[in-house]
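Asker: Encoded as structure tokens, here's the structure I'll be asking about.
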Amino acid sequence: MRIFVFCTNCGYICGVNYECMSPFAAIGAVPFDLGVLASIFPEMKFISEKAGRLEAAGTIIRLKNGLYVASPEETGRPLNRHLIANHIYGPSYVSLQTALRHYGLIPEQVHLVQSLTTKHSRYFETPVGNYDFLNCSKEYFPIGVRMETEDEANYLIATPEKALCDLINFSKGVNLRFLKDVAIYLEKDIRFDMDSLSSFDSSILEACSLYSRKSGSINILVKFLRNERYI
């Protein structure tokens with residue numbers, strides 16, 4: 001039987017065979033604040049100083065003031081940038097090119113994680129990527145948003161329909177007035193997977209148009225899909 005004791009040197013729970021079990025293993029890839037860190041190291045009087053030492057050692061990564069994520073070497077789990085986006089600034093959900101690329105609907109690699117939020121627009125640069133948050137209305141926000149699970153991490157992300165609506169809404173210079181405008185935008189401008197349109201839920205698009213910044217463009221998108229018999 002192995003006996004585990006708290007090691008004051010490394011701050012981990014160590015077994016008699018000198019193997020260390022990271023206290024961050026149970027947290028996994030979920031971002032956490034200083035309160036959680038204090039619960040892991042209750043003997044530490046100044047938890048912010050402990051956080052600084054752990055960050056310097058590469059044990060944890062600071063995402064912003066007071067928010068951290070454990071290193072994958074500590075947890076054995078990869079970082080999830082979609083999950084991180086939800087935690088950095090919320091309420092928010094991943095969308096636009098980030099979500100479309102996630103679903104394989106556009107070919108370009110997307111390095112910036114884009115999200116929508118009901119708060120003010122913000123931008124964050126972190127050691128694990130850059131995150132852009134765009135403001136939308138409280139009425140528009142919940143339409144076409146779903147929870148996804150990836151590597152035991154749950155995060156909010158736009159459905160394909162909502163992600164496309166968001167991209168149209170927040171892209172400067174995009175004004176779809178005619179059916180041919182939609183075809184050019186989808187096929188040439190963003191190189192969208194046209195075959196996927198057959199599975200689109202028109203009710204999400206129609207709901208988005210009610211609170212959209214570009215209702216006319218969304219409505220012509222719906223008309224285009226119906227004319228092409230995609231929905």
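By convention in this document, the chains of the structure tokens carry letters A, B, ... by their order, each chain's residues are numbered from 1, and ligands are numbered from 1 in the order they are shown.
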Mind dumping a table of every stretch 98-193 of chain A residue within 8 Å of stretch 81-89 of chain A, with the nearest atom pair and its distance in Å to one decimal, using only C-alpha atoms, sorted by chain and rising number, as JSON lines?
Answerer:
{"residue": "A:Val113", "atom": "CA", "partner": "A:Ala85", "partner_atom": "CA", "distance": 7.3}
{"residue": "A:Ser115", "atom": "CA", "partner": "A:Ala85", "partner_atom": "CA", "distance": 7.4}
{"residue": "A:Thr117", "atom": "CA", "partner": "A:Tyr89", "partner_atom": "CA", "distance": 7.9}
{"residue": "A:Val128", "atom": "CA", "partner": "A:Arg81", "partner_atom": "CA", "distance": 7.6}
{"residue": "A:Gly129", "atom": "CA", "partner": "A:Arg81", "partner_atom": "CA", "distance": 7.7}
{"residue": "A:Tyr131", "atom": "CA", "partner": "A:Ala85", "partner_atom": "CA", "distance": 6.7}
{"residue": "A:Phe133", "atom": "CA", "partner": "A:Tyr89", "partner_atom": "CA", "distance": 7.8}
{"residue": "A:Ala153", "atom": "CA", "partner": "A:Leu83", "partner_atom": "CA", "distance": 6.8}
{"residue": "A:Asn154", "atom": "CA", "partner": "A:Leu83", "partner_atom": "CA", "distance": 6.8}
{"residue": "A:Tyr155", "atom": "CA", "partner": "A:Leu83", "partner_atom": "CA", "distance": 5.1}
{"residue": "A:Leu156", "atom": "CA", "partner": "A:Asn86", "partner_atom": "CA", "distance": 6.9}
{"residue": "A:Ile157", "atom": "CA", "partner": "A:His82", "partner_atom": "CA", "distance": 7.9}
Asker: Enumerate the residues of stretch 62-223 of chain A with a DSSP assignment of strand (DSSP E or B), computed from the backbone, and present them as a ChimeraX atom specification.
Answerer: /A:62-64,67-70,92-94,113-117,122-126,129-135,145-150,153-158
Asker: Those residues with N, CA and C atoms, as a tab-separated table (two decimals), in the first residue's frame please?
Answerer:
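Saved to part_38.tsv:
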chain	number	residue	atom	x	y	z
A	62	ARG	N	-0.42	32.30	-16.53
A	62	ARG	CA	-1.34	33.40	-16.22
A	62	ARG	C	-2.02	33.86	-17.51
A	63	LEU	N	-3.34	33.82	-17.50
A	63	LEU	CA	-4.13	34.24	-18.65
A	63	LEU	C	-4.44	35.73	-18.59
A	64	LYS	N	-4.74	36.20	-17.41
A	64	LYS	CA	-4.94	37.62	-17.11
A	64	LYS	C	-4.82	37.76	-15.61
A	67	LEU	N	-6.35	35.09	-13.13
A	67	LEU	CA	-6.88	33.90	-13.81
A	67	LEU	C	-5.72	33.11	-14.40
A	68	TYR	N	-5.74	31.80	-14.13
A	68	TYR	CA	-4.62	30.93	-14.52
A	68	TYR	C	-5.15	29.64	-15.13
A	69	VAL	N	-4.24	28.91	-15.77
A	69	VAL	CA	-4.52	27.56	-16.24
A	69	VAL	C	-3.26	26.74	-15.98
A	70	ALA	N	-3.44	25.49	-15.60
A	70	ALA	CA	-2.29	24.63	-15.31
A	70	ALA	C	-1.60	24.21	-16.59
A	92	SER	N	-19.67	34.62	-22.80
A	92	SER	CA	-19.20	34.67	-24.19
A	92	SER	C	-19.31	33.29	-24.81
A	93	TYR	N	-19.28	33.27	-26.14
A	93	TYR	CA	-19.23	32.00	-26.85
A	93	TYR	C	-18.31	32.15	-28.06
A	94	VAL	N	-17.63	31.10	-28.43
A	94	VAL	CA	-16.70	31.11	-29.56
A	94	VAL	C	-17.50	31.16	-30.86
A	113	VAL	N	-8.62	33.57	-31.57
A	113	VAL	CA	-9.88	33.00	-31.08
A	113	VAL	C	-10.90	34.12	-30.95
A	114	GLN	N	-11.97	34.02	-31.72
A	114	GLN	CA	-12.98	35.07	-31.77
A	114	GLN	C	-14.24	34.63	-31.04
A	115	SER	N	-14.80	35.55	-30.28
A	115	SER	CA	-16.00	35.25	-29.49
A	115	SER	C	-16.94	36.44	-29.51
A	116	LEU	N	-18.19	36.17	-29.17
A	116	LEU	CA	-19.17	37.23	-28.96
A	116	LEU	C	-19.52	37.29	-27.48
A	117	THR	N	-19.82	38.48	-27.01
A	117	THR	CA	-20.14	38.69	-25.61
A	117	THR	C	-21.19	39.79	-25.49
A	122	ARG	N	-13.54	43.48	-26.08
A	122	ARG	CA	-12.22	43.44	-25.44
A	122	ARG	C	-11.28	42.56	-26.26
A	123	TYR	N	-9.99	42.77	-26.04
A	123	TYR	CA	-8.96	41.97	-26.71
A	123	TYR	C	-7.92	41.58	-25.67
A	124	PHE	N	-7.52	40.30	-25.67
A	124	PHE	CA	-6.56	39.80	-24.70
A	124	PHE	C	-5.41	39.09	-25.42
A	125	GLU	N	-4.20	39.42	-25.02
A	125	GLU	CA	-3.02	38.70	-25.48
A	125	GLU	C	-2.52	37.84	-24.32
A	126	THR	N	-2.35	36.54	-24.55
A	126	THR	CA	-1.92	35.63	-23.50
A	126	THR	C	-0.79	34.75	-24.02
A	129	GLY	N	-2.15	32.27	-26.74
A	129	GLY	CA	-2.93	32.76	-27.86
A	129	GLY	C	-3.62	34.08	-27.57
A	130	ASN	N	-4.14	34.68	-28.62
A	130	ASN	CA	-4.84	35.96	-28.52
A	130	ASN	C	-6.34	35.74	-28.67
A	131	TYR	N	-7.11	36.55	-27.94
A	131	TYR	CA	-8.55	36.36	-27.87
A	131	TYR	C	-9.27	37.68	-28.11
A	132	ASP	N	-10.21	37.66	-29.05
A	132	ASP	CA	-10.96	38.86	-29.41
A	132	ASP	C	-12.43	38.65	-29.08
A	133	PHE	N	-13.02	39.62	-28.36
A	133	PHE	CA	-14.42	39.53	-27.95
A	133	PHE	C	-15.17	40.72	-28.50
A	134	LEU	N	-16.26	40.44	-29.23
A	134	LEU	CA	-17.07	41.48	-29.86
A	134	LEU	C	-18.43	41.56	-29.18
A	135	ASN	N	-18.89	42.77	-28.98
A	135	ASN	CA	-20.16	42.99	-28.29
A	135	ASN	C	-21.36	42.74	-29.19
A	145	VAL	N	-26.54	28.97	-29.97
A	145	VAL	CA	-25.34	28.69	-29.18
A	145	VAL	C	-25.51	27.34	-28.51
A	146	ARG	N	-24.46	26.53	-28.52
A	146	ARG	CA	-24.56	25.21	-27.92
A	146	ARG	C	-23.31	24.86	-27.11
A	147	MET	N	-23.45	23.86	-26.28
A	147	MET	CA	-22.34	23.38	-25.47
A	147	MET	C	-21.67	22.21	-26.18
A	148	GLU	N	-20.35	22.26	-26.27
A	148	GLU	CA	-19.60	21.15	-26.82
A	148	GLU	C	-18.64	20.60	-25.78
A	149	THR	N	-18.36	19.31	-25.87
A	149	THR	CA	-17.43	18.65	-24.96
A	149	THR	C	-16.25	18.12	-25.75
A	150	GLU	N	-15.06	18.48	-25.31
A	150	GLU	CA	-13.84	18.07	-26.00
A	150	GLU	C	-12.75	17.81	-24.97
A	153	ALA	N	-13.63	18.77	-21.56
A	153	ALA	CA	-13.82	20.20	-21.35
A	153	ALA	C	-15.10	20.64	-22.03
A	154	ASN	N	-15.95	21.36	-21.31
A	154	ASN	CA	-17.21	21.87	-21.85
A	154	ASN	C	-17.09	23.36	-22.14
A	155	TYR	N	-17.49	23.77	-23.33
A	155	TYR	CA	-17.42	25.19	-23.66
A	155	TYR	C	-18.58	25.56	-24.59
A	156	LEU	N	-18.89	26.85	-24.61
A	156	LEU	CA	-19.97	27.37	-25.45
A	156	LEU	C	-19.41	27.80	-26.81
A	157	ILE	N	-20.10	27.41	-27.86
A	157	ILE	CA	-19.67	27.74	-29.22
A	157	ILE	C	-20.90	27.93	-30.09
A	158	ALA	N	-20.78	28.79	-31.09
A	158	ALA	CA	-21.88	29.02	-32.02
A	158	ALA	C	-22.10	27.79	-32.89
Asker: As a list in words, which residues of stretch 45-131 of chain A does DSSP assign to alpha helix (DSSP H)?
Answerer: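 Going through stretch 45-131 of chain A, the alpha helix (DSSP H) residues come out as Ile47, Ser48, Glu49, Lys50, Ala51, Gly52, Arg53, Leu54, Glu55, Ala56, Pro72, Glu73, Glu74, Thr75, Arg81, His82, Leu83, Ile84, Ala85, Asn86, His87, Ile88, Leu96, Gln97, Thr98, Ala99, Leu100, Arg101 and His102 of chain A.
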Asker: At a cut-off of 8 Å, using only C-alpha atoms, what residues contact A:Leu79? Leave out same-chain residues fewer than 4 positions from it and give the result as a VMD selection string.
Answerer: chain A and resid 29 71 to 72
Asker: Which value, in Å to one decimal, gives the distance between atom CA of A:Phe224 and atom CA of A:Lys180?
Answerer: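 So the two atoms, atom CA of A:Phe224 and atom CA of A:Lys180, lie 8.5 Å apart.
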Asker: Using only C-alpha atoms, which of the listed residues (A:Leu112, A:Val174, A:Ile184, A:Val222) sits closest to A:Glu161?
Answerer: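 For A:Glu161, the nearest of the candidates is A:Val222.
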Asker: For a quick check of understanding, using only C-alpha atoms, which of A:Glu152, A:Asp33, A:Asp166, A:Glu74 has the smallest distance to A:Ile204?
Answerer: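 Result for the nearest residue to A:Ile204: A:Asp166.
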Asker: Contacts of stretch 35-40 of chain A at 9 Å or less, counting only C-alpha atoms, minus same-chain residues fewer than 4 places along, as an NGL selection string?
Answerer: :A and (23-24 or 44-48 or 50-51)
